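> What follows is model_28.txt, made up of compact mmCIF, C-alpha atoms and all ligand atoms:
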```
# COMPACT_ATOMS: atom_id res chain seq x y z
CA MET A 1 2.11 113.61 86.41
CA PHE A 2 3.79 114.52 83.14
CA LYS A 3 6.86 115.64 85.07
CA LYS A 4 6.99 112.35 86.98
CA VAL A 5 6.80 110.25 83.81
CA SER A 6 9.49 112.25 82.07
CA THR A 7 11.75 111.94 85.12
CA ILE A 8 11.28 108.18 85.15
CA LEU A 9 12.03 108.05 81.41
CA ALA A 10 15.14 110.15 81.83
CA VAL A 11 16.44 108.02 84.73
CA THR A 12 15.73 104.84 82.76
CA ALA A 13 17.53 106.21 79.72
CA VAL A 14 20.61 107.18 81.74
CA SER A 15 20.80 103.85 83.56
CA THR A 16 20.38 101.98 80.27
CA MET A 17 23.20 104.02 78.78
CA LEU A 18 25.40 103.31 81.79
CA ALA A 19 24.63 99.59 81.66
CA VAL A 20 25.33 99.47 77.92
CA GLY A 21 28.45 101.56 78.44
CA SER A 22 29.95 99.30 81.07
CA ALA A 23 28.94 96.07 79.34
CA PHE A 24 30.56 97.20 76.12
CA ALA A 25 33.47 99.25 77.50
CA ALA A 26 36.29 98.23 75.19
CA PRO A 27 39.27 96.69 76.99
CA ILE A 28 42.63 98.43 76.75
CA THR A 29 44.65 96.65 74.09
CA ILE A 30 48.41 96.25 74.49
CA LYS A 31 50.05 95.19 71.24
CA PHE A 32 53.46 93.66 71.94
CA SER A 33 55.60 93.33 68.84
CA HIS A 34 58.91 91.46 68.66
CA VAL A 35 61.15 89.80 66.10
CA VAL A 36 62.17 86.44 67.51
CA ALA A 37 60.50 83.02 67.55
CA GLU A 38 58.10 81.99 70.30
CA ASN A 39 60.48 79.31 71.66
CA THR A 40 63.02 81.92 72.81
CA PRO A 41 63.42 83.83 76.08
CA LYS A 42 61.69 86.89 74.61
CA GLY A 43 58.95 84.87 72.92
CA GLN A 44 58.23 82.95 76.12
CA MET A 45 58.31 86.07 78.25
CA ALA A 46 55.84 87.89 75.98
CA ASN A 47 53.41 84.96 76.05
CA LYS A 48 53.71 84.69 79.82
CA PHE A 49 52.92 88.40 80.16
CA LYS A 50 49.86 87.95 77.95
CA ASP A 51 48.63 85.02 80.07
CA LEU A 52 49.18 86.80 83.40
CA VAL A 53 47.30 89.86 82.19
CA ALA A 54 44.43 87.71 80.90
CA GLU A 55 44.26 85.94 84.26
CA ARG A 56 44.29 89.06 86.38
CA LEU A 57 42.87 91.83 84.22
CA GLY A 58 40.69 89.83 81.85
CA GLY A 59 38.04 92.05 80.29
CA LYS A 60 39.92 95.21 81.21
CA VAL A 61 43.23 94.71 79.42
CA VAL A 62 44.11 92.46 76.51
CA VAL A 63 47.69 91.74 75.42
CA GLU A 64 48.21 90.76 71.78
CA VAL A 65 51.64 89.35 70.97
CA PHE A 66 53.13 89.55 67.46
CA PRO A 67 56.34 87.45 67.21
CA ASN A 68 58.72 86.85 64.26
CA SER A 69 58.63 90.46 62.93
CA GLN A 70 54.99 89.78 61.92
CA LEU A 71 53.93 93.31 62.76
CA PHE A 72 57.11 95.38 62.85
CA GLY A 73 60.82 94.72 62.49
CA ASP A 74 63.14 96.21 65.09
CA ASN A 75 64.02 99.08 62.78
CA LYS A 76 60.38 100.25 62.83
CA VAL A 77 58.98 99.23 66.18
CA LEU A 78 60.08 102.27 68.19
CA GLU A 79 58.64 104.66 65.64
CA ALA A 80 55.41 102.64 65.61
CA MET A 81 55.31 102.76 69.40
CA LEU A 82 55.64 106.53 69.43
CA LEU A 83 52.78 106.72 66.92
CA GLY A 84 50.62 104.48 69.13
CA ASP A 85 50.51 101.56 66.67
CA VAL A 86 52.05 99.22 69.26
CA GLN A 87 52.24 99.70 73.02
CA ILE A 88 55.16 97.47 74.04
CA GLY A 89 58.34 96.51 72.25
CA ALA A 90 61.46 94.69 73.37
CA PRO A 91 64.29 95.46 70.96
CA SER A 92 67.77 94.31 71.81
CA LEU A 93 69.88 96.90 73.62
CA SER A 94 71.82 97.33 70.39
CA LYS A 95 68.89 98.97 68.61
CA PHE A 96 68.35 102.23 70.50
CA SER A 97 71.18 104.46 69.32
CA ARG A 98 68.83 106.82 67.45
CA TYR A 99 67.28 107.65 70.81
CA THR A 100 70.17 107.39 73.29
CA LYS A 101 73.89 106.84 73.05
CA SER A 102 74.27 105.50 76.57
CA LEU A 103 72.79 102.05 75.82
CA GLN A 104 75.61 101.49 73.34
CA LEU A 105 77.47 100.47 76.48
CA PHE A 106 76.01 96.98 76.22
CA ASP A 107 77.58 96.45 72.78
CA LEU A 108 81.19 96.94 73.92
CA PRO A 109 83.00 93.67 73.22
CA PHE A 110 84.21 91.61 76.19
CA LEU A 111 82.65 94.04 78.69
CA PHE A 112 80.85 91.45 80.82
CA LYS A 113 82.48 88.22 81.87
CA ASP A 114 79.17 86.38 82.31
CA MET A 115 75.43 86.86 82.81
CA VAL A 116 75.86 87.22 86.58
CA ALA A 117 77.84 90.41 85.95
CA VAL A 118 75.20 91.63 83.47
CA GLU A 119 72.44 91.06 86.00
CA LYS A 120 74.40 92.80 88.75
CA PHE A 121 74.99 95.87 86.61
CA GLN A 122 71.41 96.09 85.32
CA LYS A 123 70.01 95.84 88.86
CA GLY A 124 72.49 98.41 90.19
CA PRO A 125 71.98 102.19 90.29
CA LYS A 126 73.51 102.97 86.87
CA GLY A 127 71.62 100.18 85.16
CA GLN A 128 68.35 101.36 86.68
CA GLU A 129 69.05 104.98 85.68
CA MET A 130 69.52 103.85 82.10
CA LEU A 131 65.93 102.59 81.94
CA MET A 132 64.85 106.21 81.75
CA SER A 133 67.58 107.41 79.37
CA MET A 134 65.01 108.01 76.59
CA GLU A 135 62.26 109.60 78.65
CA LYS A 136 62.68 112.97 76.96
CA LYS A 137 62.14 111.23 73.62
CA GLY A 138 58.87 109.75 74.85
CA ILE A 139 60.16 106.24 75.60
CA ILE A 140 60.15 104.55 79.00
CA GLY A 141 62.18 101.44 79.84
CA LEU A 142 60.09 99.06 81.96
CA GLY A 143 62.80 96.49 82.59
CA TYR A 144 65.63 94.42 81.17
CA LEU A 145 65.31 90.92 79.80
CA HIS A 146 68.22 88.56 79.23
CA ASN A 147 68.96 86.54 76.18
CA GLY A 148 72.64 85.80 76.62
CA LEU A 149 76.17 86.03 75.33
CA LYS A 150 76.91 86.15 71.61
CA GLN A 151 78.81 83.64 69.51
CA LEU A 152 80.36 84.14 66.09
CA SER A 153 79.11 81.94 63.28
CA ALA A 154 80.67 81.77 59.82
CA SER A 155 81.06 79.72 56.68
CA LYS A 156 84.70 79.07 57.62
CA PRO A 157 86.38 78.30 60.95
CA LEU A 158 87.23 81.39 62.99
CA LYS A 159 89.98 80.58 65.49
CA VAL A 160 91.91 83.82 65.54
CA PRO A 161 90.87 87.36 64.53
CA ALA A 162 92.85 87.16 61.28
CA ASP A 163 90.43 84.44 60.12
CA ALA A 164 87.65 87.04 59.94
CA ASP A 165 89.66 89.35 57.69
CA GLY A 166 87.65 90.41 54.63
CA LEU A 167 84.52 88.41 55.59
CA LYS A 168 81.05 89.99 55.51
CA PHE A 169 79.11 89.85 58.77
CA ARG A 170 75.51 90.81 59.39
CA ILE A 171 75.20 93.07 62.42
CA GLN A 172 72.33 94.70 64.27
CA ALA A 173 71.92 98.45 63.64
CA SER A 174 74.74 99.52 65.97
CA ASP A 175 77.82 101.64 65.28
CA VAL A 176 79.69 99.91 68.09
CA LEU A 177 79.14 96.53 66.45
CA ALA A 178 80.21 97.99 63.11
CA ALA A 179 83.44 99.24 64.70
CA GLN A 180 84.00 95.84 66.29
CA PHE A 181 84.02 94.09 62.89
CA VAL A 182 86.04 96.85 61.23
CA ALA A 183 88.63 96.30 63.98
CA LEU A 184 88.90 92.70 62.73
CA GLY A 185 89.35 93.81 59.12
CA ALA A 186 85.88 92.40 58.33
CA VAL A 187 82.92 94.05 56.57
CA PRO A 188 79.87 94.73 58.79
CA LEU A 189 76.40 95.01 57.21
CA LYS A 190 73.47 96.36 59.24
CA LYS A 191 70.49 94.17 58.36
CA PRO A 192 67.15 93.37 60.04
CA PHE A 193 66.95 90.13 62.00
CA SER A 194 64.23 88.82 59.67
CA GLU A 195 66.68 88.76 56.74
CA VAL A 196 69.60 86.96 58.38
CA PHE A 197 68.71 83.38 57.48
CA THR A 198 68.28 84.13 53.77
CA LEU A 199 71.44 86.24 53.65
CA LEU A 200 73.39 83.32 55.12
CA GLN A 201 71.69 80.68 53.01
CA THR A 202 72.32 82.54 49.75
CA LYS A 203 75.90 83.31 50.88
CA ALA A 204 75.30 87.02 50.43
CA ILE A 205 77.12 87.26 53.77
CA ASP A 206 79.71 85.00 55.39
CA GLY A 207 78.73 85.18 59.02
CA GLN A 208 76.86 86.77 61.89
CA GLU A 209 76.96 87.06 65.68
CA ASN A 210 74.14 85.93 67.92
CA THR A 211 73.07 84.00 71.00
CA TRP A 212 72.58 80.23 71.12
CA SER A 213 68.80 80.62 71.29
CA ASN A 214 68.62 82.85 68.22
CA ILE A 215 71.08 80.69 66.26
CA TYR A 216 68.99 77.65 67.09
CA SER A 217 65.43 78.99 66.79
CA LYS A 218 66.10 80.74 63.47
CA LYS A 219 68.10 77.79 62.12
CA PHE A 220 71.25 79.79 61.41
CA PHE A 221 73.23 76.70 62.43
CA GLU A 222 71.83 74.86 59.40
CA VAL A 223 73.43 77.36 57.03
CA GLN A 224 76.67 78.09 58.91
CA ASP A 225 79.33 75.38 59.05
CA TYR A 226 81.15 76.81 62.08
CA ILE A 227 80.27 78.54 65.33
CA THR A 228 83.05 79.96 67.46
CA GLU A 229 82.13 79.92 71.15
CA SER A 230 83.48 83.40 71.74
CA ASN A 231 81.03 84.83 74.31
CA HIS A 232 82.36 88.17 73.11
CA GLY A 233 79.27 90.31 73.61
CA LEU A 234 75.71 90.47 74.83
CA ILE A 235 72.18 90.33 73.48
CA ASP A 236 69.76 91.51 76.11
CA TYR A 237 66.56 93.51 75.72
CA LEU A 238 64.90 96.62 77.00
CA ILE A 239 61.15 96.32 77.41
CA VAL A 240 59.83 99.69 76.33
CA THR A 241 56.57 101.58 76.12
CA SER A 242 55.67 105.13 75.19
CA THR A 243 55.46 107.71 77.96
CA GLU A 244 52.10 108.82 76.57
CA PHE A 245 50.55 105.36 76.72
CA TRP A 246 52.02 104.49 80.10
CA LYS A 247 51.04 107.71 81.84
CA GLY A 248 47.59 107.53 80.25
CA LEU A 249 46.74 104.21 81.91
CA PRO A 250 44.50 104.36 84.99
CA ASP A 251 46.74 104.08 88.09
CA ASP A 252 45.37 100.76 89.33
CA ILE A 253 45.71 99.17 85.89
CA ARG A 254 49.27 100.46 85.44
CA VAL A 255 50.30 98.91 88.76
CA GLU A 256 48.81 95.52 87.83
CA VAL A 257 50.28 95.54 84.32
CA LYS A 258 53.74 96.36 85.71
CA LYS A 259 53.43 93.56 88.28
CA ALA A 260 52.52 91.06 85.55
CA LEU A 261 55.40 92.30 83.43
CA ASP A 262 57.93 91.98 86.27
CA GLU A 263 56.83 88.40 86.87
CA ALA A 264 57.01 87.61 83.17
CA LEU A 265 60.55 89.07 83.06
CA GLU A 266 61.65 86.90 85.93
CA PHE A 267 60.25 83.89 84.09
CA GLY A 268 61.91 85.00 80.82
CA ASN A 269 65.28 85.31 82.54
CA LYS A 270 65.02 81.73 83.75
CA VAL A 271 64.16 80.61 80.23
CA ALA A 272 67.20 82.54 78.94
CA ALA A 273 69.56 80.73 81.29
CA GLU A 274 68.11 77.34 80.31
CA LYS A 275 68.07 78.02 76.58
CA ALA A 276 71.70 79.11 76.52
CA THR A 277 72.66 75.57 77.51
CA GLU A 278 69.85 73.58 75.89
CA ASP A 279 69.93 75.25 72.48
CA ARG A 280 73.73 74.99 72.35
CA GLN A 281 73.38 71.27 73.02
CA LYS A 282 70.71 70.87 70.33
CA ILE A 283 73.10 72.45 67.84
CA VAL A 284 75.90 70.09 68.93
CA ASP A 285 73.52 67.12 68.59
CA SER A 286 72.38 68.21 65.13
CA LYS A 287 75.95 67.85 63.80
CA ARG A 288 75.05 70.52 61.24
CA SER A 289 77.59 73.00 62.53
CA GLU A 290 80.96 72.52 64.21
CA ILE A 291 81.45 74.37 67.48
CA ILE A 292 84.93 75.79 67.89
CA THR A 293 86.19 76.35 71.42
CA LEU A 294 89.02 78.80 71.92
CA SER A 295 92.18 78.26 73.91
CA ASP A 296 93.08 81.02 76.38
CA ALA A 297 95.76 82.29 74.02
CA GLU A 298 93.33 82.42 71.07
CA ARG A 299 90.70 84.16 73.15
CA ALA A 300 93.26 86.74 74.26
CA GLN A 301 93.84 87.57 70.61
CA TRP A 302 90.14 88.33 70.07
CA VAL A 303 90.08 90.53 73.15
CA GLU A 304 93.14 92.41 71.96
CA ALA A 305 91.72 92.90 68.47
CA MET A 306 88.31 94.13 69.61
CA LYS A 307 89.16 96.09 72.76
CA PRO A 308 90.18 99.35 70.96
CA VAL A 309 86.44 99.84 70.26
CA TRP A 310 86.00 100.87 73.91
CA GLY A 311 88.19 103.93 73.41
CA GLU A 312 86.34 104.92 70.24
CA PHE A 313 83.02 105.13 72.07
CA GLU A 314 84.12 106.17 75.55
CA GLU A 315 83.07 109.77 75.13
CA GLU A 316 79.64 109.01 73.63
CA ILE A 317 78.78 106.38 76.23
CA GLY A 318 80.44 107.92 79.28
CA LYS A 319 83.47 106.61 81.14
CA ASP A 320 81.49 106.39 84.40
CA LEU A 321 79.09 103.90 82.83
CA ILE A 322 81.86 101.81 81.31
CA ASP A 323 83.72 101.69 84.62
CA ALA A 324 80.58 100.75 86.56
CA ALA A 325 79.71 97.99 84.10
CA PHE A 326 83.23 96.58 84.08
CA ALA A 327 83.34 96.68 87.89
CA SER A 328 80.34 94.32 88.03
CA ASN A 329 82.58 91.46 86.83
C1 LIG B 1 69.20 90.43 66.29
O1 LIG B 1 68.75 91.32 65.54
O2 LIG B 1 70.09 89.65 65.97
C2 LIG B 1 68.59 90.28 67.67
O3 LIG B 1 68.50 91.55 68.24
C3 LIG B 1 67.23 89.68 67.57
C4 LIG B 1 66.59 89.60 68.93
O4 LIG B 1 65.63 90.29 69.17
O5 LIG B 1 67.08 88.78 69.73
```
Go through the file and emit its structure as structure tokens.
Ligand code: LMR


Amino acid sequence: MFKKVSTILAVTAVSTMLAVGSAFAAPITIKFSHVVAENTPKGQMANKFKDLVAERLGGKVVVEVFPNSQLFGDNKVLEAMLLGDVQIGAPSLSKFSRYTKSLQLFDLPFLFKDMVAVEKFQKGPKGQEMLMSMEKKGIIGLGYLHNGLKQLSASKPLKVPADADGLKFRIQASDVLAAQFVALGAVPLKKPFSEVFTLLQTKAIDGQENTWSNIYSKKFFEVQDYITESNHGLIDYLIVTSTEFWKGLPDDIRVEVKKALDEALEFGNKVAAEKATEDRQKIVDSKRSEIITLSDAERAQWVEAMKPVWGEFEEEIGKDLIDAAFASN
């Protein structure tokens, strides 16, 4: 009798524990930290990812998005990811050189003619290989996201490279971008994205390079009198996670999270294409900043001035990668 009662008690205790355990099993939290505004390709993509995960994995996985450098700036996010303080980041391809030299490829000036060429290269074998270029450092690339081609903004009109001589430009933390401005006789300053507006407003710097969506959403056009439509380079992103986090996810969850992410990236790429046109137009309509279009002869001068940068970085990046990227044009 005593044995029977104690068995019943034990079974009841175990089932209660199981019930409590499953009812209160904490969902897996994915913190996604980025630096841009929510009305940008990256901001929209991150929110879409959050919504898709909530829809499909609600209760099991929760995505928390931190835009506008609220949680970490791009100079800290990779470190934070490796420490487990965030699980997903999406820095621009210009911000990985501490971990791999190969991604510097994307900073070479005038490498891609348009976003079709960028897409073709990223989807091709070399582009796909590059997703895993930091695996040994504990970082996995989950996919590329577009923003678009960069324009040059400044406090004075830039028509030919000589106009940039002696001016101070904010750049992302990239040696290739530094070399690009040095090649123009300008002074590059590596600064976090979150500081750009104030640096421009206070005239601590003369100019910067960025995409239409970043120039619009962060109001750079309100503090820069001129924007040269140069399309001289690229800002795209690598969506990254830590190997430890990714491999630690249960298989079924990892598959679903990746599916949601791929769909969100597709959506983000559409937003990127739209914003490149829409945000440019909003800047034109604002009449706050004059857009300078280049003649073929003027553009050729920019290409000639910046192109020597390719040779400087050919060995670090790899000629095979440069050739493959250029061939996608
Ligand atoms: C920048 O720092 O200018 C960009 O990389 C910001 C971004 O994430 O688009």

> Using only C-alpha atoms and all ligand atoms, find the one residue out of A:Lys113, A:Lys50, A:Lys159, A:Lys191 that sits nearest to ligand LIG 1 (chain B).

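Looking only at the distances to ligand LIG 1 (chain B), the closest residue turns out to be A:Lys191.
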
> Quick one: axis-aligned box around all listed atoms of ligand LIG 1 (chain B), 5 Å on every side, centre and edge lengths in Å to one decimal, written as lines of an AutoDock Vina configuration file.


```
center_x = 67.9
center_y = 90.2
center_z = 67.6
size_x = 14.5
size_y = 12.8
size_z = 14.2
```

> Let me see if you get this right: every residue at most 6 Å from ligand LIG 1 (chain B), counting all atoms listed in the file, written as JSON, numbers by chain.

{"A": [35, 36, 91, 92, 172, 193, 210]}

> Here is a test: counting all atoms listed in the file, which residue of A:Leu82, A:Ala179, A:Met45, A:Leu52 is nearest to A:Pro67?

A:Met45

> Can you work out which one of A:Tyr216, A:Asn47, A:Ala186, A:Gln301 has the shortest atom-to-atom distance to A:Asp285, counting all atoms listed in the file?

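So, comparing all the options, the nearest one is A:Tyr216.
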
> Tell me, as a PyMOL selection string, which residues lie within 8 Å of A:Ser242, counting only C-alpha atoms; anything in the same chain fewer than 3 positions away does not count.

chain A and resi 81-82+84+87-88+138-140+245-246

> Which residue gives the smallest distance to A:Asp225 among A:Pro125, A:Gly185, A:Pro157, A:Gly268, with only C-alpha atoms counted?

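Using only C-alpha atoms, A:Asp225 sits closest to A:Pro157.
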
> Atom CA of A:Lys42 and atom CA of A:Phe66, how far apart in Å?

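Distance reported for this atom pair: 11.5 Å.
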
> Counting all atoms listed in the file, write as a ChimeraX atom specification all protein and nucleic acid residues lying at most 12 Å from (49.9, 97.9, 83.6) in the file's frame.

/A:28-30,49-50,52-54,56-57,60-63,87-88,142,241,245-262

> Take stretch 208-231 of chain A, model N, CA, C and O atoms, and hand the result over as a tab-separated table (two decimals), keeping the file's coordinate frame.


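Below is the file that was written, part11.tsv:
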```tsv
chain	number	residue	atom	x	y	z
A	208	GLN	N	77.68	85.90	61.04
A	208	GLN	CA	76.86	86.77	61.89
A	208	GLN	C	77.22	86.48	63.33
A	208	GLN	O	77.93	85.51	63.62
A	209	GLU	N	76.73	87.31	64.25
A	209	GLU	CA	76.96	87.06	65.68
A	209	GLU	C	75.61	87.01	66.36
A	209	GLU	O	74.75	87.86	66.11
A	210	ASN	N	75.42	86.02	67.22
A	210	ASN	CA	74.14	85.93	67.92
A	210	ASN	C	74.22	84.97	69.10
A	210	ASN	O	75.24	84.32	69.31
A	211	THR	N	73.11	84.89	69.83
A	211	THR	CA	73.07	84.00	71.00
A	211	THR	C	72.71	82.59	70.55
A	211	THR	O	72.17	82.38	69.46
A	212	TRP	N	72.93	81.62	71.44
A	212	TRP	CA	72.58	80.23	71.12
A	212	TRP	C	71.10	80.11	70.78
A	212	TRP	O	70.73	79.40	69.84
A	213	SER	N	70.25	80.80	71.53
A	213	SER	CA	68.80	80.62	71.29
A	213	SER	C	68.38	81.20	69.94
A	213	SER	O	67.52	80.62	69.27
A	214	ASN	N	68.97	82.30	69.54
A	214	ASN	CA	68.62	82.85	68.22
A	214	ASN	C	69.22	82.02	67.09
A	214	ASN	O	68.58	81.81	66.05
A	215	ILE	N	70.43	81.52	67.29
A	215	ILE	CA	71.08	80.69	66.26
A	215	ILE	C	70.28	79.40	66.06
A	215	ILE	O	70.09	78.93	64.94
A	216	TYR	N	69.76	78.88	67.18
A	216	TYR	CA	68.99	77.65	67.09
A	216	TYR	C	67.57	77.89	66.53
A	216	TYR	O	67.17	77.27	65.56
A	217	SER	N	66.85	78.83	67.16
A	217	SER	CA	65.43	78.99	66.79
A	217	SER	C	65.24	79.51	65.37
A	217	SER	O	64.23	79.23	64.75
A	218	LYS	N	66.21	80.24	64.86
A	218	LYS	CA	66.10	80.74	63.47
A	218	LYS	C	66.91	79.90	62.49
A	218	LYS	O	67.12	80.31	61.34
A	219	LYS	N	67.41	78.76	62.98
A	219	LYS	CA	68.10	77.79	62.12
A	219	LYS	C	69.36	78.31	61.43
A	219	LYS	O	69.75	77.82	60.37
A	220	PHE	N	70.00	79.29	62.01
A	220	PHE	CA	71.25	79.79	61.41
A	220	PHE	C	72.30	78.67	61.37
A	220	PHE	O	73.14	78.64	60.48
A	221	PHE	N	72.23	77.77	62.35
A	221	PHE	CA	73.23	76.70	62.43
A	221	PHE	C	73.12	75.74	61.25
A	221	PHE	O	74.07	75.02	60.94
A	222	GLU	N	71.97	75.75	60.57
A	222	GLU	CA	71.83	74.86	59.40
A	222	GLU	C	72.51	75.44	58.17
A	222	GLU	O	72.71	74.74	57.18
A	223	VAL	N	72.81	76.74	58.22
A	223	VAL	CA	73.43	77.36	57.03
A	223	VAL	C	74.78	78.00	57.37
A	223	VAL	O	75.28	78.84	56.62
A	224	GLN	N	75.34	77.63	58.52
A	224	GLN	CA	76.67	78.09	58.91
A	224	GLN	C	77.46	76.86	59.35
A	224	GLN	O	77.02	76.14	60.26
A	225	ASP	N	78.60	76.60	58.72
A	225	ASP	CA	79.33	75.38	59.05
A	225	ASP	C	80.07	75.45	60.38
A	225	ASP	O	80.38	74.43	60.97
A	226	TYR	N	80.35	76.67	60.86
A	226	TYR	CA	81.15	76.81	62.08
A	226	TYR	C	80.57	77.86	63.03
A	226	TYR	O	80.08	78.91	62.58
A	227	ILE	N	80.64	77.55	64.31
A	227	ILE	CA	80.27	78.54	65.33
A	227	ILE	C	81.40	78.60	66.35
A	227	ILE	O	81.75	77.60	66.97
A	228	THR	N	81.99	79.78	66.48
A	228	THR	CA	83.05	79.96	67.46
A	228	THR	C	82.43	80.39	68.79
A	228	THR	O	81.71	81.40	68.84
A	229	GLU	N	82.70	79.61	69.82
A	229	GLU	CA	82.13	79.92	71.15
A	229	GLU	C	82.96	81.05	71.77
A	229	GLU	O	83.84	80.82	72.58
A	230	SER	N	82.65	82.25	71.36
A	230	SER	CA	83.48	83.40	71.74
A	230	SER	C	82.95	84.14	72.96
A	230	SER	O	83.71	84.81	73.65
A	231	ASN	N	81.64	84.07	73.20
A	231	ASN	CA	81.03	84.83	74.31
A	231	ASN	C	81.55	86.27	74.35
A	231	ASN	O	81.81	86.81	75.42
```
